[in-house]
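Input: a single structure, listed below in structure tokens.
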Protein chains: 2
Amino acid sequence: LSKFWSSRIKNSAAYVPGEQINDGTYIKLNTNENPYPPSREVLDTIRSFDSTRLNLYPDFSCHKLKSALAQKYGLNKNEIFISNGSDEALAFSFLAFFDCGDSICFPSITYSFYKVYADFFNINYTETKLTESFEVDLSVFDGNYKGVVFANPNAPTGKSVSFAKIKSFLERNPEKLVIVDEAYVDFGGQSVVPLIHKHDNLLVTQTFSKSRALAGLRVGFAMGNINLINALEQVKNSINSYTLDTIALESACASLRDDSHFKTAVSKIINTRTEVSEKLRLLGFMVIESKANFVFISHPGFSAENLYSGLKEKHVLVRHFNSPDIQNFLRVSIGTHEQMSLFLNLINELTIKL
Amino acid sequence: LSKFWSSRIKNSAAYVPGEQINDGTYIKLNTNENPYPPSREVLDTIRSFDSTRLNLYPDFSCHKLKSALAQKYGLNKNEIFISNGSDEALAFSFLAFFDCGDSICFPSITYSFYKVYADFFNINYTETKLTESFEVDLSVFDGNYKGVVFANPNAPTGKSVSFAKIKSFLERNPEKLVIVDEAYVDFGGQSVVPLIHKHDNLLVTQTFSKSRALAGLRVGFAMGNINLINALEQVKNSINSYTLDTIALESACASLRDDSHFKTAVSKIINTRTEVSEKLRLLGFMVIESKANFVFISHPGFSAENLYSGLKEKHVLVRHFNSPDIQNFLRVSIGTHEQMSLFLNLINELTIKL
């Protein structure tokens with residue numbers, strides 16, 4: 001420990017991202033990346049990008065990308081905040097809306113970064129149980145909290161909560177800040193963005209990293225009432241005014257222009273997910289019904305940790321979380337049809353052998 | 001004001017970046033951008049970049065860029081932290097090393113983001129006066145502070161403090177965290193990076209935005225003892241694990257491979273700075289001796305605000321700070337020889353006319 005560290009460094013633990021072994025010899029089914037390349041519009045934008053102007057700062061107002069997103073989602077430009085991945089929008093929300101000592105609430109099984117943010121910024125938190133069918137239980141969020149945050153579809157389960165349930169929750173809780181992390185919504189969930197104009201306490205985050213295959217470019221965004229967006233802009237301008245580079249901003253706009261590529265890639269992933277889920281069930285796995293680009297699976301006869309290691313030995317990476325509640329589960333990102341066939345063959349062998 | 005805002009949003013004011021009017025009709029001498037394009041190595045890296053792999057996350061450990069910087073600066077890889085611009089490294093330092101209520105110190109005339117960070121993260125601060133020759137006065141930093149931060153060369157003055165003075169300050173103050181912001185050091189200052197192995201309390205930040213002409217790509221870094229770097233890594237991994245995209249990481253490495261382009265551009269800027277300073281003095285301006293890519297100037301006979309407006313009318317942007325101490329100064333970034341000739345002609349006309 002260093003004598004120069006702040007108490008928040010001494011008393012908190014950072015998020016641990018999934019292994020990133022990108023030497024080309026691994027099939028990566030561990031960080032929910034899209035197995036398909038981004039749109040040709042993106043490739044063309046980068047190939048024809050005039051790099052001589054990189055000497056100039058990017059547009060810190062992100063005007064063009066905000067306009068494009070506003071049009072796509074039926075919002076005003078000032079109801080959109082652009083961030084360096086949706087993680088940054090989520091982290092900034094903790095600074096924008098909660099003070100040290102405030103109480104918030106999120107599910108015990110969810111994206112593990114929420115807990116990291118809360119610890120790091122000294123926010124009290126309650127972790128609530130999922131229902132028996134692994135659904136986020138909104139009824140237990142009704143308590144005396146300043147805010148709630150949950151992923152929908154949830155990670156790592158992939159399970160989604162219905163639009164109607166979130167709508168009803170917002171109607172019951174107008175004084176609570178409600179952050180819905182829709183990183184995976186394009187893979188079959190229903191977005192609550194249409195509720196933004198009715199509920200000034202609703203903030204929705206989304207990302208270009210998953211459905212738009214741009215994890216490598218770091219583009220996320222938050223949508224909500226202008227008062228919420230203004231607070232996020234103030235956080236950004238109190239840390240770093242230029243969080244997205246010029247190439248990322250222009251590539252994100254390009255991606256939005258190609259709806260057909262987006263729809264094709266997403267529907268391929270959904271079809272593969274259905275197939276993989278069925279085949280895993282035939283092998284005796286419990287597969288939670290997923291609306292995301294991954295499946296969360298468990299086998300009564302085999303240890304998830306052993307399966308994880310067995311797969312890694314064969315150069316297939318999946319995600320295993322070393323947390324008591326879910327230690328017998330694996331989160332498997334949906335790759336291409338070919339990648340998933342290989343994965344299923346290996347799983348088949350392992351469940352015979354182990 | 002919104003009922004959902006945290007108290008830090010209600011009680012702080014954000015940084016205001018310089019105007020970014022990039023419609024191509026303005027000569028921008030207001031945000032200290034490099035007037036020359038980045039290295040051909042960068043242009044080639046981007047042109048030949050395989051965008052199909054943007055579906056994958058970047059390398060969050062920034063391994064290659066850290067190795068390249070370590071080699072360049074004679075440091076170990078784990079003595080380097082990579083950030084989204086050096087502003088992010090500075091902001092993260094405030095979270096990593098200071099607690100609410102700690103006292104720090106910085107000059108009253110300096111980069112205005114330090115005050116924003118301190119306000120935003122609830123750090124007490126003392127602003128100290130510059131010497132009569134506009135130099136940062138390190139002797140007044142000897143007080144009972146947990147840390148000090150200053151830019152060297154300083155902004156917006158351009159004036160630098162000698163290596164010997166910083167060395168002596170570090171020797172006198174081993175218990176204080178000392179952050180030296182060297183954003184402009186490549187334009188004629190002397191870096192204190194060689195002191196890092198002797199002083200575990202020294203953190204130095206630098207950027208690719210100025211001397212390497214990559215403001216549009218958002219790459220900065222901090223150098224210091226491994227304990228300081230580990231704390232910065234923990235801040236990063238408590239906010240957003242992937243702050244730099246793949247193209248930015250690879251382009252920064254490419255830029256480091258081309259030392260000759262770097263040296264040529266920097267020396268052209270230094271020569272133009274010398275010429276511009278002399279000519280401004282002949283027009284009756286007080287020009288502080290600058291070691292940066294800008295000059296800080298004042299004229300006893302003309303209001304800086306009027307000069308700013310007169311220049312803007314002619315589509316030349318310079319920076320005017322609306323702060324009592326420096327309200328009769330302009331900060332003028334050093335552009336190309338041609339841009340500065342135009343600027344000098346306009347200044348000449350304005351000082352005749354006004």
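In the structure tokens, chains take letters A, B, ... by order of appearance, with residues numbered from 1 within each chain and ligands from 1 in the order shown.
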Inset, instruction - For His299 in chain A, work out the shell of residues within 8 Å, counting only C-alpha atoms and skipping chain neighbours fewer than 2 positions away, then give it as a PyMOL selection string. - result: chain A and resi 284-286+297+301-304+328-329
Legend entry - Proximal residues of chain A relative to chain B (only C-alpha atoms; 7 Å) as a ChimeraX atom specification: /A:2,4-7,9,14-15,20,33-38,43,47,51-59,84,87-88,91,96-99,116-117,120,177,213-218,227,231,234,237-240,243,245-246
Legend entry - Separation of CA of Ile347 in chain A from CA of Ile334 in chain A in Å: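 Pair CA of Ile334 in chain A / CA of Ile347 in chain A returns 14.4 Å.
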Inset, instruction - DSSP on the backbone, then: every residue of range 17-259 of chain A marked alpha helix (DSSP H), written as a PyMOL selection string. - result: chain A and resi 40-47+63-73+85-97+113-120+163-172+226-236+246-257+259
Gln327 in chain A surroundings by only C-alpha atoms, 10 Å radius, close-in-sequence under 2 positions cut, as a tab-separated table (two decimals) with all heavy atoms, in the first residue's frame:
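New file around14.tsv:
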chain	number	residue	atom	x	y	z
A	298	SER	N	-25.70	-23.75	-16.79
A	298	SER	CA	-25.21	-24.51	-15.65
A	298	SER	C	-25.59	-25.98	-15.87
A	298	SER	O	-26.62	-26.27	-16.47
A	298	SER	CB	-25.89	-23.96	-14.38
A	298	SER	OG	-25.45	-24.67	-13.25
A	303	SER	N	-18.88	-29.37	-12.92
A	303	SER	CA	-18.47	-28.10	-12.34
A	303	SER	C	-18.17	-27.09	-13.44
A	303	SER	O	-17.44	-27.38	-14.40
A	303	SER	CB	-17.23	-28.32	-11.47
A	303	SER	OG	-16.22	-27.38	-11.76
A	304	ALA	N	-18.73	-25.90	-13.30
A	304	ALA	CA	-18.53	-24.85	-14.30
A	304	ALA	C	-17.05	-24.49	-14.40
A	304	ALA	O	-16.54	-24.22	-15.48
A	304	ALA	CB	-19.36	-23.61	-13.93
A	305	GLU	N	-16.38	-24.50	-13.27
A	305	GLU	CA	-14.97	-24.14	-13.29
A	305	GLU	C	-14.16	-25.14	-14.12
A	305	GLU	O	-13.29	-24.75	-14.90
A	305	GLU	CB	-14.43	-24.09	-11.85
A	305	GLU	CG	-13.18	-23.24	-11.75
A	305	GLU	CD	-12.74	-23.01	-10.31
A	305	GLU	OE1	-13.49	-23.41	-9.37
A	305	GLU	OE2	-11.65	-22.45	-10.13
A	320	HIS	N	-16.26	-17.32	-16.49
A	320	HIS	CA	-16.67	-17.94	-15.24
A	320	HIS	C	-16.49	-16.91	-14.13
A	320	HIS	O	-15.44	-16.29	-14.03
A	320	HIS	CB	-15.82	-19.19	-14.95
A	320	HIS	CG	-16.14	-19.82	-13.64
A	320	HIS	ND1	-15.25	-19.85	-12.58
A	320	HIS	CD2	-17.28	-20.41	-13.20
A	320	HIS	CE1	-15.84	-20.45	-11.55
A	320	HIS	NE2	-17.06	-20.80	-11.90
A	321	PHE	N	-17.53	-16.69	-13.33
A	321	PHE	CA	-17.46	-15.69	-12.27
A	321	PHE	C	-17.23	-16.39	-10.94
A	321	PHE	O	-17.99	-17.28	-10.56
A	321	PHE	CB	-18.75	-14.87	-12.19
A	321	PHE	CG	-19.03	-14.07	-13.42
A	321	PHE	CD1	-19.75	-14.62	-14.47
A	321	PHE	CD2	-18.58	-12.76	-13.55
A	321	PHE	CE1	-20.01	-13.90	-15.62
A	321	PHE	CE2	-18.83	-12.02	-14.70
A	321	PHE	CZ	-19.55	-12.59	-15.73
A	322	ASN	N	-16.20	-15.98	-10.24
A	322	ASN	CA	-15.88	-16.65	-8.99
A	322	ASN	C	-16.68	-16.06	-7.83
A	322	ASN	O	-16.13	-15.55	-6.87
A	322	ASN	CB	-14.38	-16.56	-8.71
A	322	ASN	CG	-13.90	-17.88	-8.14
A	322	ASN	OD1	-14.72	-18.66	-7.63
A	322	ASN	ND2	-12.61	-18.13	-8.20
A	323	SER	N	-18.00	-16.14	-7.94
A	323	SER	CA	-18.89	-15.55	-6.95
A	323	SER	C	-19.83	-16.65	-6.47
A	323	SER	O	-20.33	-17.43	-7.30
A	323	SER	CB	-19.63	-14.40	-7.65
A	323	SER	OG	-20.78	-14.06	-6.95
A	324	PRO	N	-20.02	-16.79	-5.14
A	324	PRO	CA	-20.71	-17.98	-4.60
A	324	PRO	C	-22.05	-18.28	-5.28
A	324	PRO	O	-22.31	-19.43	-5.64
A	324	PRO	CB	-20.92	-17.62	-3.11
A	324	PRO	CG	-20.03	-16.46	-2.82
A	324	PRO	CD	-19.62	-15.83	-4.11
A	325	ASP	N	-22.89	-17.26	-5.48
A	325	ASP	CA	-24.23	-17.46	-6.06
A	325	ASP	C	-24.21	-18.12	-7.43
A	325	ASP	O	-25.16	-18.83	-7.80
A	325	ASP	CB	-24.92	-16.11	-6.26
A	325	ASP	CG	-25.43	-15.55	-4.95
A	325	ASP	OD1	-25.36	-16.26	-3.94
A	325	ASP	OD2	-25.90	-14.39	-4.95
A	329	PHE	N	-22.11	-21.52	-12.85
A	329	PHE	CA	-22.59	-21.06	-14.15
A	329	PHE	C	-21.44	-20.62	-15.04
A	329	PHE	O	-20.38	-20.20	-14.56
A	329	PHE	CB	-23.53	-19.86	-13.96
A	329	PHE	CG	-24.91	-20.23	-13.53
A	329	PHE	CD1	-25.20	-20.46	-12.18
A	329	PHE	CD2	-25.94	-20.33	-14.46
A	329	PHE	CE1	-26.48	-20.80	-11.77
A	329	PHE	CE2	-27.23	-20.66	-14.06
A	329	PHE	CZ	-27.50	-20.91	-12.71
A	330	LEU	N	-21.68	-20.72	-16.33
A	330	LEU	CA	-20.77	-20.11	-17.32
A	330	LEU	C	-21.57	-19.13	-18.15
A	330	LEU	O	-22.73	-19.39	-18.49
A	330	LEU	CB	-20.20	-21.18	-18.26
A	330	LEU	CG	-19.27	-22.23	-17.67
A	330	LEU	CD1	-18.88	-23.23	-18.76
A	330	LEU	CD2	-18.03	-21.58	-17.06
Legend entry - Residues within 7 Å of Val180 in chain B, only C-alpha atoms, excluding chain neighbours under 3 positions, as a PyMOL selection string: chain B and resi 149-152+203-205
Inset, instruction - Run DSSP on the backbone of this structure and report the residues of range 7-178 of chain B it assigns to strand (DSSP E or B), as a list in words. - result: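 Of range 7-178 of chain B, the ones in strand (DSSP E or B) are Ile27, Lys28, Leu29, Ile80, Phe81, Ile82, Ser83, Ser103, Ile104, Cys105, Phe106, Pro107, Asn124, Tyr125, Thr126, Glu127, Thr128, Gly147, Val148, Val149, Phe150, Ala151, Leu177 and Val178 of chain B.
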Restricted to N, CA and C atoms, what would the selected residues look like written as a PDB file, in the first residue's frame?
ATOM      1  N   ILE B  27      -9.124  30.614 -38.626  1.00  0.00           N
ATOM      2  CA  ILE B  27      -7.779  30.213 -38.243  1.00  0.00           C
ATOM      3  C   ILE B  27      -7.808  30.047 -36.733  1.00  0.00           C
ATOM      4  N   LYS B  28      -7.552  28.829 -36.282  1.00  0.00           N
ATOM      5  CA  LYS B  28      -7.728  28.509 -34.868  1.00  0.00           C
ATOM      6  C   LYS B  28      -6.404  28.649 -34.117  1.00  0.00           C
ATOM      7  N   LEU B  29      -6.252  29.748 -33.427  1.00  0.00           N
ATOM      8  CA  LEU B  29      -5.059  29.941 -32.589  1.00  0.00           C
ATOM      9  C   LEU B  29      -5.509  29.993 -31.126  1.00  0.00           C
ATOM     10  N   ILE B  80       4.115   3.533 -16.139  1.00  0.00           N
ATOM     11  CA  ILE B  80       3.393   4.350 -17.122  1.00  0.00           C
ATOM     12  C   ILE B  80       1.907   4.036 -17.078  1.00  0.00           C
ATOM     13  N   PHE B  81       1.091   5.086 -17.091  1.00  0.00           N
ATOM     14  CA  PHE B  81      -0.366   4.957 -17.132  1.00  0.00           C
ATOM     15  C   PHE B  81      -0.860   5.647 -18.400  1.00  0.00           C
ATOM     16  N   ILE B  82      -1.720   4.959 -19.164  1.00  0.00           N
ATOM     17  CA  ILE B  82      -2.238   5.538 -20.411  1.00  0.00           C
ATOM     18  C   ILE B  82      -3.652   6.077 -20.166  1.00  0.00           C
ATOM     19  N   SER B  83      -3.903   7.282 -20.639  1.00  0.00           N
ATOM     20  CA  SER B  83      -5.213   7.892 -20.395  1.00  0.00           C
ATOM     21  C   SER B  83      -5.789   8.504 -21.663  1.00  0.00           C
ATOM     22  N   SER B 103      -5.899  19.086   1.631  1.00  0.00           N
ATOM     23  CA  SER B 103      -5.499  20.403   1.120  1.00  0.00           C
ATOM     24  C   SER B 103      -4.398  20.251   0.087  1.00  0.00           C
ATOM     25  N   ILE B 104      -4.605  20.888  -1.034  1.00  0.00           N
ATOM     26  CA  ILE B 104      -3.565  20.900  -2.063  1.00  0.00           C
ATOM     27  C   ILE B 104      -3.312  22.347  -2.486  1.00  0.00           C
ATOM     28  N   CYS B 105      -2.376  22.518  -3.381  1.00  0.00           N
ATOM     29  CA  CYS B 105      -1.928  23.850  -3.737  1.00  0.00           C
ATOM     30  C   CYS B 105      -1.569  23.902  -5.223  1.00  0.00           C
ATOM     31  N   PHE B 106      -1.964  24.980  -5.877  1.00  0.00           N
ATOM     32  CA  PHE B 106      -1.532  25.217  -7.266  1.00  0.00           C
ATOM     33  C   PHE B 106      -1.529  26.719  -7.527  1.00  0.00           C
ATOM     34  N   PRO B 107      -0.856  27.152  -8.592  1.00  0.00           N
ATOM     35  CA  PRO B 107      -0.778  28.597  -8.851  1.00  0.00           C
ATOM     36  C   PRO B 107      -2.158  29.184  -9.203  1.00  0.00           C
ATOM     37  N   ASN B 124      -9.798  20.714  -0.750  1.00  0.00           N
ATOM     38  CA  ASN B 124      -9.474  22.117  -0.432  1.00  0.00           C
ATOM     39  C   ASN B 124      -8.241  22.540  -1.206  1.00  0.00           C
ATOM     40  N   TYR B 125      -8.223  23.782  -1.634  1.00  0.00           N
ATOM     41  CA  TYR B 125      -7.042  24.209  -2.390  1.00  0.00           C
ATOM     42  C   TYR B 125      -6.663  25.647  -2.074  1.00  0.00           C
ATOM     43  N   THR B 126      -5.360  25.893  -2.158  1.00  0.00           N
ATOM     44  CA  THR B 126      -4.813  27.235  -2.023  1.00  0.00           C
ATOM     45  C   THR B 126      -4.242  27.622  -3.378  1.00  0.00           C
ATOM     46  N   GLU B 127      -4.575  28.813  -3.829  1.00  0.00           N
ATOM     47  CA  GLU B 127      -4.012  29.294  -5.092  1.00  0.00           C
ATOM     48  C   GLU B 127      -2.917  30.297  -4.767  1.00  0.00           C
ATOM     49  N   THR B 128      -1.708  30.017  -5.247  1.00  0.00           N
ATOM     50  CA  THR B 128      -0.573  30.882  -4.914  1.00  0.00           C
ATOM     51  C   THR B 128      -0.238  31.811  -6.080  1.00  0.00           C
ATOM     52  N   GLY B 147      -0.587  17.685  -1.426  1.00  0.00           N
ATOM     53  CA  GLY B 147      -0.051  17.608  -2.784  1.00  0.00           C
ATOM     54  C   GLY B 147      -0.023  18.955  -3.460  1.00  0.00           C
ATOM     55  N   VAL B 148       0.743  19.023  -4.531  1.00  0.00           N
ATOM     56  CA  VAL B 148       0.773  20.244  -5.342  1.00  0.00           C
ATOM     57  C   VAL B 148       0.664  19.827  -6.806  1.00  0.00           C
ATOM     58  N   VAL B 149       0.110  20.712  -7.606  1.00  0.00           N
ATOM     59  CA  VAL B 149       0.035  20.436  -9.041  1.00  0.00           C
ATOM     60  C   VAL B 149       0.345  21.722  -9.790  1.00  0.00           C
ATOM     61  N   PHE B 150       1.183  21.610 -10.793  1.00  0.00           N
ATOM     62  CA  PHE B 150       1.445  22.777 -11.646  1.00  0.00           C
ATOM     63  C   PHE B 150       1.851  22.312 -13.037  1.00  0.00           C
ATOM     64  N   ALA B 151       1.630  23.213 -13.996  1.00  0.00           N
ATOM     65  CA  ALA B 151       1.999  22.919 -15.377  1.00  0.00           C
ATOM     66  C   ALA B 151       3.375  23.498 -15.633  1.00  0.00           C
ATOM     67  N   LEU B 177       2.662  14.756  -2.521  1.00  0.00           N
ATOM     68  CA  LEU B 177       2.531  14.291  -3.900  1.00  0.00           C
ATOM     69  C   LEU B 177       2.724  15.487  -4.838  1.00  0.00           C
ATOM     70  N   VAL B 178       3.628  15.338  -5.779  1.00  0.00           N
ATOM     71  CA  VAL B 178       3.958  16.431  -6.693  1.00  0.00           C
ATOM     72  C   VAL B 178       3.569  16.039  -8.120  1.00  0.00           C
TER      73      VAL B 178
END
Test item: residues at most 8 Å from Leu138 in chain B, only C-alpha atoms, excluding those fewer than 6 positions along its chain, as a PDB file with N, CA and C atoms, in the first residue's frame:
ATOM      1  N   LYS B 165      15.128  23.812  -9.874  1.00  0.00           N
ATOM      2  CA  LYS B 165      14.167  24.265  -8.852  1.00  0.00           C
ATOM      3  C   LYS B 165      13.187  23.153  -8.479  1.00  0.00           C
ATOM      4  N   ILE B 166      12.743  22.385  -9.463  1.00  0.00           N
ATOM      5  CA  ILE B 166      11.803  21.291  -9.162  1.00  0.00           C
ATOM      6  C   ILE B 166      12.529  20.193  -8.378  1.00  0.00           C
ATOM      7  N   PHE B 169      12.814  21.305  -4.895  1.00  0.00           N
ATOM      8  CA  PHE B 169      11.502  21.221  -4.239  1.00  0.00           C
ATOM      9  C   PHE B 169      11.180  19.784  -3.831  1.00  0.00           C
TER      10      PHE B 169
END
Legend entry - Two-atom distance - CA of Lys268 in chain B, CA of Asp181 in chain B (Å):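 Between these atoms lies a distance of 23.1 Å.
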